[in-house]
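Please read the structure below before turning to the comments.
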Amino acid sequence: MEVGVPDKTDIDIQTLLKNPEVQSVVSSVSQVMEARQAYRPAVCSVFSGEATKLDISDDYRFEIDKDARAALPRIIDNKVQVVAPCTKTDQHAKAFQIGIVFSGGPAPGGHNVIAGLYDAAKRANPDSRLFGFLVGPDGIIEGEFVELDDRLIDHYRNLGGFAMIKTGRTKIDTSEKMALSRKTIWEMGLDALVVVGVPKTIDGDIQVRDADGRVLCAMSFGFHTAARAFSLAISNLCTDCSSDIKYWHICKVMGRVASHLALEVALQTHANLTLIGEDLADYVDTQRLEKARQEGEVDFTAYGMTLRHLSRLICDAVVRRAAVGKNYGLIVIPEGILEFINEIEVFIIKLNTIIADYNDRHDRDFHTSFPRLVDKLEYLRRLFRDMPKGLAPNVWNARDDELFNDLPPFFQEGLLTERDSHGNFQFSQVQTEKVLLGLVEEYLDILRDQGRYKMGINRAYYRKILSGAGLDADSYGEILFKDYGKSNEYLLIRDSIISRRTLRAALEQAGVLAEKEEIHSAILKIYKASVPKFKTQTHFYGYDGRGSDPTQFDCTYTYNLGLTVFSLVSNGATGQMAAIRNLEHGFERWEPIGIPIAPLMRLEERKGKLTLVLEKSIVDVTTPAFQVVKSHREKWLADLPGEDQYRHPGQIRLDNEHEEDRPITLRLNALLQNDRVT
């Protein structure tokens, strides 16, 4: 053996793999996961007794849609039901057979709904059985299910996703599917089927109020978890951009029809700029209105935000931060921001109409018939010459064609992309941030050429560089900077100095540079430092938040929803949504209730047809949550020298006494009592 060379022996891989340390680190179950599985959420006091009953409440009224009344006559007059304690009866103690199914996208906490229902049913009678239909409604139609037991339930307690029984987007929307579903349910002998029974969506757009504005359900489950997951990732970017100081991070978060997630992320992170779609929709260009008024006209295009004006808002933030030396920042935009832009919404409505009409008229799929963008555009142009009977003459006119052709090709293709299973435009598939950034970069170039987009130069740094080069800082300062005589910390190069040529001209005009003399390297260094470079990184936060492990709030919320579901089932309720009232006020005030679903239904266009659906709840710009964000916009933009105002929300934990007890949005909106802030 050579001196200094260690003896090489073969590793016994089988012995190594049997080592407890190796088995521990390669196990699929981490210590954090074990702790989650062992965690037991707090339960509302009403569930601590022998059993529960349902008290009918006449305190709430609903404005009922006539189409909903016609379609759902048996449950349209349901009332709000309040879960109350009672003595256990034979009805409560019977062995129930209950089916449950997930539908649509996952939302953190879904497993705890099942766990709460399972625990309540087994507590009432150990012989109760719970069946999970697999892969969404297809499981009901095809009779594919699994019986849920202690092992399966305990494995998924407090974990994210819908992996226990999976999910799907199939609709039971035909007589054939309905017949097959009934057959499955009758053959299984189910006492109840839990489908639409809980407020589930990370978007936060299921919020229930009665006709008088009283809150029955303040937030859907999964929202808090997704917002926290997004906020943590975005907070990390805030730390990165303020360290690397050269990137603007553009963060798109889920939320197709409402900006609730963007609003919560703003409160969680204090991003430099957060765009709230509902706020943009209310925008009025007062300058354009006044100009039109002076000309004796009314400019209806002044109502509502345009793409170009939105890009100007972003440019303004970039320019203002650059002026104090901050060539970086973070912008949060909701996924559906374009739906709040009037000109884009008009395009979407018209294109939806055209696509639906083509599908119905030809019994063929528009996107299959016209696979390429050029084919789709040619079909639109042919509408001028041969408008199909039944379509309005102006459904696609010359003005539409002109505006549409001004859009970049990738955005045209996005607007013409295939609709989702609901017939909705798929905003998540469109590079919204790319559309905006193209306009932003275009306008920043204009501002740069005009000398209005400059990097601010730290006064102390300027003096250091010139003094080190043996130059008189004050003499050159008056020549170079438009604000040198002021006491501000950051200096701005004069608007007229936009190139080395104009820099030379300024120096020559001031008499400090001869015609053929080279510009001093120290002066060039200061000039180069004043030229901004707009570099961006784009990010989309959506599916990662859907799969996150739930927060303590969502764990507790969903477990109590499961308990509420059993209370509704065991007391013979139907057509009700399990909900928790007073979510915004903290756990000690939570009240489990059943909300009638039918009175909440409204007609909405799906795939070109009107369908009854739950009405979406958008951000109310009069609430304390939005008003707080609005009032902090200037502070969080941080266009002043010094530190940014970024907030670090921290990791999602169950075992931390400092963990949030509810979303910040809810905490702030809880301040609203009797239509006034207390």
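A note on labels: chains of the structure tokens are A, B, ... as shown, every chain counts residues from 1, and ligands are counted from 1 in their shown order.
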Per-residue DSSP, region 440-586 of chain A, filtered to strand (DSSP E or B), as a list of chain:residue names: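 Secondary structure check on region 440-586 of chain A, strand (DSSP E or B): A:Ile457, A:Asn458, A:Phe481, A:Tyr490, A:Leu491, A:Ile493, A:Thr536, A:Gln537, A:Thr538, A:His539, A:Phe540, A:Tyr541, A:Gln576, A:Met577, A:Ala578, A:Ala579, A:Ile580, A:Arg581.
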Using only C-alpha atoms, which protein or nucleic acid residues come within 6 Å of region 284-287 of chain A? Drop anything in the same chain fewer than 4 positions from it, and give the result as a compact mmCIF listing (two decimals) with all heavy atoms, in the first residue's frame.
```
# COMPACT_ATOMS: atom_id res chain seq x y z
N ALA A 302 -62.72 57.55 -21.52
CA ALA A 302 -62.02 58.01 -20.32
C ALA A 302 -62.42 57.20 -19.09
O ALA A 302 -61.79 57.30 -18.05
CB ALA A 302 -62.30 59.49 -20.08
N TYR A 303 -63.49 56.41 -19.23
CA TYR A 303 -63.95 55.59 -18.11
C TYR A 303 -63.34 54.20 -18.24
O TYR A 303 -63.54 53.50 -19.22
CB TYR A 303 -65.48 55.49 -18.11
CG TYR A 303 -66.17 56.82 -17.87
CD1 TYR A 303 -66.58 57.60 -18.94
CD2 TYR A 303 -66.37 57.29 -16.58
CE1 TYR A 303 -67.20 58.82 -18.74
CE2 TYR A 303 -67.00 58.52 -16.37
CZ TYR A 303 -67.41 59.28 -17.44
OH TYR A 303 -68.01 60.48 -17.22
N GLY A 304 -62.58 53.81 -17.22
CA GLY A 304 -61.93 52.51 -17.24
C GLY A 304 -60.48 52.62 -17.65
O GLY A 304 -60.09 53.47 -18.45
```
Could you list, as a ChimeraX atom specification, every residue within 9 Å of Asp620 (chain A), counting only C-alpha atoms and ignoring same-chain residues fewer than 3 positions away? /A:278-279,617,623,625-626
Apply DSSP to the backbone of this structure and, from region 237-468 of chain A, keep only the residues in helix (DSSP H, G or I); write these as a count of residues only. 140
If you count only C-alpha atoms, which residues fall within 12 Å of Leu338 (chain A), apart from same-chain ones fewer than 4 positions away, as a PyMOL selection string? chain A and resi 252+255-259+275-278+280-281+304-308+310-311+333-334+342-348+411+414-415+425-428+430-436
If we count only C-alpha atoms, what is near Asp655 (chain A) at a cut-off of 10 Å, once residues fewer than 2 positions away on the same chain are taken out, given as a PyMOL selection string? chain A and resi 35-36+39+552+652-653+657-659
With all heavy atoms kept, could you save the residues just selected as a short mmCIF file (atom, residue, chain, number, x, y, z; two decimals), in the first residue's frame?
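Final file, out04.cif:
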```
data_model
loop_
_atom_site.label_atom_id
_atom_site.label_comp_id
_atom_site.auth_asym_id
_atom_site.auth_seq_id
_atom_site.Cartn_x
_atom_site.Cartn_y
_atom_site.Cartn_z
N ALA A 35 -45.37 15.43 12.45
CA ALA A 35 -45.95 16.40 13.38
C ALA A 35 -47.30 16.89 12.87
O ALA A 35 -48.25 17.06 13.65
CB ALA A 35 -44.99 17.57 13.59
N ARG A 36 -47.41 17.11 11.57
CA ARG A 36 -48.66 17.54 10.98
C ARG A 36 -49.74 16.47 11.14
O ARG A 36 -50.88 16.76 11.49
CB ARG A 36 -48.47 17.87 9.50
CG ARG A 36 -47.96 19.26 9.24
CD ARG A 36 -48.06 19.67 7.79
NE ARG A 36 -47.94 21.13 7.68
CZ ARG A 36 -48.94 21.98 7.75
NH1 ARG A 36 -50.16 21.52 7.92
NH2 ARG A 36 -48.76 23.28 7.67
N TYR A 39 -51.14 16.46 14.61
CA TYR A 39 -51.80 17.68 15.08
C TYR A 39 -53.32 17.52 15.05
O TYR A 39 -53.89 16.96 14.11
CB TYR A 39 -51.38 18.85 14.18
CG TYR A 39 -52.04 20.16 14.54
CD1 TYR A 39 -51.62 20.90 15.64
CD2 TYR A 39 -53.07 20.67 13.75
CE1 TYR A 39 -52.22 22.11 15.95
CE2 TYR A 39 -53.68 21.89 14.05
CZ TYR A 39 -53.25 22.60 15.15
OH TYR A 39 -53.85 23.80 15.46
N GLN A 552 -52.41 26.92 10.01
CA GLN A 552 -53.18 26.56 11.20
C GLN A 552 -54.63 27.01 11.05
O GLN A 552 -55.56 26.29 11.43
CB GLN A 552 -52.54 27.22 12.43
CG GLN A 552 -53.05 26.70 13.76
CD GLN A 552 -52.26 27.30 14.91
OE1 GLN A 552 -52.33 28.50 15.16
NE2 GLN A 552 -51.50 26.47 15.60
N ILE A 652 -44.96 28.71 6.95
CA ILE A 652 -46.23 28.18 7.43
C ILE A 652 -45.93 27.11 8.49
O ILE A 652 -45.21 26.15 8.21
CB ILE A 652 -47.04 27.56 6.28
CG1 ILE A 652 -47.48 28.65 5.30
CG2 ILE A 652 -48.25 26.80 6.80
CD1 ILE A 652 -48.18 28.12 4.07
N ARG A 653 -46.47 27.29 9.68
CA ARG A 653 -46.19 26.35 10.78
C ARG A 653 -47.47 26.05 11.55
O ARG A 653 -48.41 26.83 11.56
CB ARG A 653 -45.15 26.93 11.74
CG ARG A 653 -43.82 27.29 11.10
CD ARG A 653 -42.90 27.98 12.11
NE ARG A 653 -42.55 27.09 13.19
CZ ARG A 653 -41.45 26.33 13.22
NH1 ARG A 653 -40.62 26.35 12.19
NH2 ARG A 653 -41.19 25.56 14.23
N GLU A 657 -46.47 29.60 18.27
CA GLU A 657 -47.47 30.40 18.97
C GLU A 657 -47.68 31.76 18.32
O GLU A 657 -48.68 32.44 18.58
CB GLU A 657 -47.04 30.59 20.43
CG GLU A 657 -45.72 31.34 20.60
CD GLU A 657 -45.38 31.56 22.05
OE1 GLU A 657 -46.31 31.85 22.83
OE2 GLU A 657 -44.19 31.45 22.41
N HIS A 658 -46.75 32.15 17.46
CA HIS A 658 -46.88 33.44 16.80
C HIS A 658 -47.53 33.32 15.42
O HIS A 658 -47.59 34.30 14.68
CB HIS A 658 -45.50 34.09 16.65
CG HIS A 658 -44.79 34.30 17.96
ND1 HIS A 658 -45.28 35.12 18.94
CD2 HIS A 658 -43.64 33.77 18.44
CE1 HIS A 658 -44.46 35.10 19.98
NE2 HIS A 658 -43.46 34.29 19.70
N GLU A 659 -48.00 32.16 15.06
CA GLU A 659 -48.64 31.96 13.76
C GLU A 659 -49.94 32.78 13.67
O GLU A 659 -50.67 32.93 14.66
CB GLU A 659 -48.95 30.47 13.56
CG GLU A 659 -49.61 30.14 12.24
CD GLU A 659 -48.71 30.34 11.03
OE1 GLU A 659 -47.53 30.69 11.21
OE2 GLU A 659 -49.19 30.15 9.91
#
```
Which neighbours of region 589-605 of chain A fall inside 9 Å, counting only C-alpha atoms, when residues of the same chain fewer than 3 positions from it are skipped, and could you give them as an MDAnalysis selection string? chainID A and resid 44:46 54 62:65 67:69 72:73 75:84 196:197 208 210 216:217 422:424 560:561 563:565 568 573:586 608:615
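Interatomic distance, CA of Glu144 (chain A) to CA of Tyr543 (chain A): 26.1 Å.
Among the candidates A:Glu418, A:Pro624, A:Ser567, A:His309, the residue lying nearest to Glu50 (chain A) is A:Ser567 (atoms considered: only C-alpha atoms).
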Using only C-alpha atoms, find the one residue out of A:Pro550, A:Gly325, A:Gly438, A:Gly143 that sits nearest to Glu643 (chain A).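 Closest to Glu643 (chain A) of all the choices is A:Gly325.
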Using only C-alpha atoms, which of A:Ala218, A:Ala522, A:Val628, A:Leu480 sits nearest Lys464 (chain A)?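 For Lys464 (chain A), the nearest of the given residues is A:Ala522.
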Residues near Pro137 (chain A), anyone? I mean within 9 Å using only C-alpha atoms, not counting same-chain ones fewer than 4 positions away, as JSON, numbers by chain. {"A": [101, 102, 103, 133, 141, 142, 167, 168, 169, 170, 171, 172, 181, 195]}
Determine the nearest neighbour of Ser128 (chain A) from the options A:Gln97, A:Gln294, A:Ser235, A:Thr174, counting only C-alpha atoms. A:Gln97
Would you compute the distance between CA of Gln37 (chain A) and CA of Ala227 (chain A)? Give it in Å to one decimal.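 For CA of Gln37 (chain A) relative to CA of Ala227 (chain A), the distance reads 22.3 Å.
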As an exercise, work out the distance from CA of Ser530 (chain A) to CA of Arg504 (chain A) in Å and give it to one decimal place.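 Taking CA of Ser530 (chain A) as the start and CA of Arg504 (chain A) as the end point, the length is 15.2 Å.
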